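*Asks:* Have a look at the structure that comes next, please.
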Amino acid sequence: MSLFLSPPTSLCVLRLSAIGDACNASAMVQAIQRQWPETKITWIMGKAEAQLLGDLPGVEVIPFDKKLGWKGYTQLWRQLRGRKFDALLHLQTALRASIVSLGVRAKYRLGFDHTRSSDMQKWFINHPVPSPRSPHVLDGFMAFARELGIEDTTARWSLPLGAAETDWASQYITSGQPTLVIVPAASKAFKNWTATGYARVAEYAAAKGMQVILAGSPARVEVELAEQVCSQCQVPLLNLVGQSSLKQMLAQLSAADLVIAPDTGPTHMAVAVNTPVIGLYAHHNPQRTGPYRYLDYVVSAYREAIEAETGKSPEQLSWRSRVKAEDAMSRIPPEAVCAMLDKALTDFSILEETP
């Protein structure tokens, strides 16, 4: 039975990180807003995530800066002093998030059930949410909305973009030419595909008449990989890695016709702005962490990598099981990504005619 038969007055959402998970969680928040527009929603999220989602319509965002250490917790708790919510949606099992939750007063404290819970989250909640059949992170979040009483949990996004961000992105998009944005790197290097692979796919896309842009954060691992891709590519690429804010990158992904990326935040940012994504996966099961609307366009070596490492199939392992081999992404051949590029170009009518 649903917790609320009528709209609650206020809800507190707790999901600090990461960018991709916050994007997935925003679909849940907006599902609640569609049914209960009058309910006041407060979202405690990480400082970086707030740069991207801090202007969600109708949502009070309270940033938490983990780099402040204990001071960050006490500052947040002071902001929440004297407030009480009808329910807390504790969407992050990390102990750091549970410590944050100590400052949130709420009648119902929803968290994950035994299937998805970890890091002692069960001691900080009073209402475990039954896990859905689907292993995907977003479906796990939507289970919270259903538990509250939300009937339509279809994942839909509406992320605001200002004129400054869209103008920034448009100056790099060639008019009349389909654009492929490649986000080569994740924050963790082991999730990255090879520079050679990206270079071959970029050449393949360019031969089909596409403009190819590289995007990413200023993190050293991302900048260096982008430079390697450019040096190995036989066609000119527009390298914008490290030159955009999160909002500018969101606008760039929104303006693109297609995105290729590994298991990283911009993959989910692209989904949130309705841009098709070819996801490259080997370490995590894409059925759990892949681009939600575009799972059919994932190029994955996860199954063969996890079977080689454990001798077991994904179905025989925990839903969280990760491939540990540092070179797992090298199992993805460039030919498979080029073939998926052809499929996406056709399915989404990106080119008038795909050679």
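So you can find residues: chains in the structure tokens are A, B, ... in the order shown, residues in each start at 1, and ligands are numbered from 1 in order.
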Give me the residues near range 282-299 of chain A as a PyMOL selection string, where near means some atom within 7 Å (using only C-alpha atoms) and where sequence neighbours in that chain fewer than 3 positions away do not count.

*Replies:* chain A and resi 135-137+191+267-268+271+276-279+302+305+322-324+328-329+337+340

*Asks:* Any idea what's packed within 12 Å of Trp70 in chain A, counting only C-alpha atoms, ignoring anything in its chain fewer than 5 positions away? Could you give it as an MDAnalysis selection string?

*Replies:* chainID A and resid 64:65 75:77 96 99:100

*Asks:* Please, could you write that set of residues out with C-alpha atoms as a PDB file, in the first residue's frame?

*Replies:*
```
ATOM      1  CA  PHE A  64      26.884  19.443   0.350  1.00  0.00           C
ATOM      2  CA  ASP A  65      30.632  19.911  -0.003  1.00  0.00           C
ATOM      3  CA  GLN A  75      26.854  23.523   8.085  1.00  0.00           C
ATOM      4  CA  LEU A  76      24.218  21.376   6.425  1.00  0.00           C
ATOM      5  CA  TRP A  77      22.621  20.352   9.699  1.00  0.00           C
ATOM      6  CA  ARG A  96      28.770   9.604   4.084  1.00  0.00           C
ATOM      7  CA  ILE A  99      25.715  10.645   8.231  1.00  0.00           C
ATOM      8  CA  VAL A 100      24.193  13.573   6.325  1.00  0.00           C
TER       9      VAL A 100
END
```

*Asks:* Using only C-alpha atoms, which of the listed residues (A:Ala195, A:Val201, A:Ala226, A:Ala185) sits closest to Glu335 in chain A?

*Replies:*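 For Glu335 in chain A, the nearest of the given residues is A:Val201.
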
*Asks:* Pick out the closest residue to Asn24 in chain A from this set: A:Trp157, A:Tyr108, A:Trp43, A:Tyr73. Count only C-alpha atoms.

*Replies:*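 Distance minimum relative to Asn24 in chain A lands on A:Trp157.
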
*Asks:* Mind pulling up the distance from CA of Lys122 in chain A to CA of Thr39 in chain A?

*Replies:*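 Separation between CA of Thr39 in chain A and CA of Lys122 in chain A: 26.2 Å.
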
*Asks:* Excluding Ala256 in chain A and residues on its chain fewer than 2 positions from it, collect all residues at most 12 Å away from it, counting only C-alpha atoms, and give them as a ChimeraX atom specification.

*Replies:* /A:166,169-170,172-183,210-215,249-254,258-260,270-271,273-277,350

*Asks:* Using only C-alpha atoms, can you tell me which of A:Asp263, A:Gly197, A:Met269, A:Val221 comes closest to Ala336 in chain A?

*Replies:* A:Gly197

*Asks:* For range 222-224 of chain A, list every protein, DNA or RNA residue within 8 Å, evaluated using only C-alpha atoms, and leave out those in the same chain fewer than 2 positions away; present the list as a list in words.

*Replies:*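 Near range 222-224 of chain A, the qualifying residues are Pro184, Ala185, Ala186, Ser187, Gly216, Ser217, Pro218, Ala219, Arg220, Ala226, Glu227, Gln228, Val241 and Gly242 of chain A.
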
*Asks:* With C-alpha atoms retained, could you export that selection as a CSV table (one decimal), in the first residue's frame?

*Replies:*
```csv
chain,number,residue,atom,x,y,z
A,184,PRO,CA,36.4,9.6,-24.3
A,185,ALA,CA,37.0,9.3,-20.6
A,186,ALA,CA,35.4,8.6,-17.3
A,187,SER,CA,36.7,9.9,-14.0
A,216,GLY,CA,35.0,16.1,-21.2
A,217,SER,CA,36.1,17.7,-17.9
A,218,PRO,CA,39.5,19.3,-17.1
A,219,ALA,CA,40.6,16.2,-15.2
A,220,ARG,CA,44.0,15.2,-16.2
A,226,ALA,CA,41.7,13.3,-25.6
A,227,GLU,CA,45.1,14.4,-26.7
A,228,GLN,CA,46.1,10.8,-27.5
A,241,VAL,CA,37.8,18.5,-23.4
A,242,GLY,CA,38.3,20.7,-20.3
```

*Asks:* Select, from A:Thr196, A:Thr310, A:Gln30, A:Ser349, the residue with the minimum atom-to-atom distance to Asp152 in chain A, counting only C-alpha atoms.

*Replies:*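 Using only C-alpha atoms, Asp152 in chain A sits closest to A:Gln30.
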
*Asks:* Just how far from CA of Lys71 in chain A is CA of Ala87 in chain A, in Å to one decimal?

*Replies:* 25.4 Å

*Asks:* Taking only C-alpha atoms into account, which of A:Arg146, A:Leu240, A:Pro333, A:Arg116 comes nearest Ser318 in chain A?

*Replies:*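 Going through A:Arg146, A:Leu240, A:Pro333, A:Arg116 one by one, the smallest distance to Ser318 in chain A is for A:Arg116.
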
*Asks:* I'd like to know which of A:Thr42, A:Ser6, A:Ser117, A:Thr154 is closest to Gln92 in chain A, using only C-alpha atoms.

*Replies:*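 The answer is A:Ser117, which sits nearest to Gln92 in chain A.
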
*Asks:* Would you kindly return, as a list in words, each protein, DNA or RNA residue with an atom no farther than 8 Å from any atom of Leu159 in chain A, considering only C-alpha atoms and excluding same-chain residues fewer than 4 positions away?

*Replies:* Leu53, Leu56, Ala272 and Val273 of chain A

*Asks:* Based on the backbone DSSP call, show me all residues of range 110-168 of chain A assigned helix (DSSP H, G or I), as a list in words.

*Replies:*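 Across range 110-168 of chain A, those assigned helix (DSSP H, G or I) are Gln121, Lys122, Trp123, Phe124, Val137, Leu138, Asp139, Gly140, Phe141, Met142, Ala143, Phe144, Ala145, Arg146, Glu147, Leu148, Ala163, Ala164, Glu165, Thr166, Asp167 and Trp168 of chain A.
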
*Asks:* Generate the output file for the selected residues, N, CA and C atoms, as a PDB file, in the first residue's frame.

*Replies:*
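Now in part_21.pdb:
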```
ATOM      1  N   GLN A 121      23.227   1.172   5.741  1.00  0.00           N
ATOM      2  CA  GLN A 121      22.131   2.116   5.535  1.00  0.00           C
ATOM      3  C   GLN A 121      20.883   1.734   6.339  1.00  0.00           C
ATOM      4  N   LYS A 122      20.684   0.440   6.560  1.00  0.00           N
ATOM      5  CA  LYS A 122      19.474  -0.008   7.245  1.00  0.00           C
ATOM      6  C   LYS A 122      19.331   0.602   8.641  1.00  0.00           C
ATOM      7  N   TRP A 123      20.431   1.032   9.240  1.00  0.00           N
ATOM      8  CA  TRP A 123      20.361   1.625  10.576  1.00  0.00           C
ATOM      9  C   TRP A 123      19.911   3.083  10.540  1.00  0.00           C
ATOM     10  N   PHE A 124      19.806   3.666   9.343  1.00  0.00           N
ATOM     11  CA  PHE A 124      19.466   5.083   9.216  1.00  0.00           C
ATOM     12  C   PHE A 124      18.086   5.294   8.590  1.00  0.00           C
ATOM     13  N   VAL A 137      19.799   1.203 -12.046  1.00  0.00           N
ATOM     14  CA  VAL A 137      19.821   2.181 -10.959  1.00  0.00           C
ATOM     15  C   VAL A 137      18.582   3.068 -10.995  1.00  0.00           C
ATOM     16  N   LEU A 138      18.201   3.526 -12.179  1.00  0.00           N
ATOM     17  CA  LEU A 138      17.045   4.418 -12.272  1.00  0.00           C
ATOM     18  C   LEU A 138      15.764   3.727 -11.827  1.00  0.00           C
ATOM     19  N   ASP A 139      15.603   2.469 -12.188  1.00  0.00           N
ATOM     20  CA  ASP A 139      14.412   1.729 -11.748  1.00  0.00           C
ATOM     21  C   ASP A 139      14.405   1.563 -10.233  1.00  0.00           C
ATOM     22  N   GLY A 140      15.597   1.428  -9.645  1.00  0.00           N
ATOM     23  CA  GLY A 140      15.682   1.382  -8.187  1.00  0.00           C
ATOM     24  C   GLY A 140      15.214   2.682  -7.561  1.00  0.00           C
ATOM     25  N   PHE A 141      15.552   3.815  -8.186  1.00  0.00           N
ATOM     26  CA  PHE A 141      15.081   5.107  -7.686  1.00  0.00           C
ATOM     27  C   PHE A 141      13.565   5.243  -7.854  1.00  0.00           C
ATOM     28  N   MET A 142      13.067   4.819  -9.018  1.00  0.00           N
ATOM     29  CA  MET A 142      11.636   4.943  -9.272  1.00  0.00           C
ATOM     30  C   MET A 142      10.809   4.107  -8.297  1.00  0.00           C
ATOM     31  N   ALA A 143      11.401   3.055  -7.744  1.00  0.00           N
ATOM     32  CA  ALA A 143      10.690   2.257  -6.743  1.00  0.00           C
ATOM     33  C   ALA A 143      10.336   3.102  -5.525  1.00  0.00           C
ATOM     34  N   PHE A 144      11.179   4.082  -5.201  1.00  0.00           N
ATOM     35  CA  PHE A 144      10.880   4.998  -4.096  1.00  0.00           C
ATOM     36  C   PHE A 144       9.628   5.810  -4.409  1.00  0.00           C
ATOM     37  N   ALA A 145       9.541   6.304  -5.643  1.00  0.00           N
ATOM     38  CA  ALA A 145       8.373   7.099  -6.030  1.00  0.00           C
ATOM     39  C   ALA A 145       7.101   6.258  -5.958  1.00  0.00           C
ATOM     40  N   ARG A 146       7.169   5.016  -6.437  1.00  0.00           N
ATOM     41  CA  ARG A 146       6.001   4.137  -6.363  1.00  0.00           C
ATOM     42  C   ARG A 146       5.606   3.859  -4.920  1.00  0.00           C
ATOM     43  N   GLU A 147       6.590   3.707  -4.055  1.00  0.00           N
ATOM     44  CA  GLU A 147       6.297   3.438  -2.651  1.00  0.00           C
ATOM     45  C   GLU A 147       5.570   4.615  -2.014  1.00  0.00           C
ATOM     46  N   LEU A 148       5.892   5.812  -2.461  1.00  0.00           N
ATOM     47  CA  LEU A 148       5.199   6.992  -1.950  1.00  0.00           C
ATOM     48  C   LEU A 148       3.742   7.034  -2.393  1.00  0.00           C
ATOM     49  N   ALA A 163      20.241  30.597 -22.137  1.00  0.00           N
ATOM     50  CA  ALA A 163      20.701  31.069 -23.443  1.00  0.00           C
ATOM     51  C   ALA A 163      22.222  31.083 -23.526  1.00  0.00           C
ATOM     52  N   ALA A 164      22.879  31.404 -22.402  1.00  0.00           N
ATOM     53  CA  ALA A 164      24.346  31.466 -22.418  1.00  0.00           C
ATOM     54  C   ALA A 164      24.953  30.105 -22.730  1.00  0.00           C
ATOM     55  N   GLU A 165      24.379  29.051 -22.149  1.00  0.00           N
ATOM     56  CA  GLU A 165      24.901  27.702 -22.387  1.00  0.00           C
ATOM     57  C   GLU A 165      24.613  27.242 -23.826  1.00  0.00           C
ATOM     58  N   THR A 166      23.391  27.482 -24.298  1.00  0.00           N
ATOM     59  CA  THR A 166      23.051  27.042 -25.652  1.00  0.00           C
ATOM     60  C   THR A 166      23.831  27.831 -26.697  1.00  0.00           C
ATOM     61  N   ASP A 167      24.059  29.122 -26.434  1.00  0.00           N
ATOM     62  CA  ASP A 167      24.866  29.923 -27.365  1.00  0.00           C
ATOM     63  C   ASP A 167      26.300  29.417 -27.403  1.00  0.00           C
ATOM     64  N   TRP A 168      26.839  29.044 -26.240  1.00  0.00           N
ATOM     65  CA  TRP A 168      28.202  28.514 -26.199  1.00  0.00           C
ATOM     66  C   TRP A 168      28.309  27.256 -27.050  1.00  0.00           C
TER      67      TRP A 168
END
```
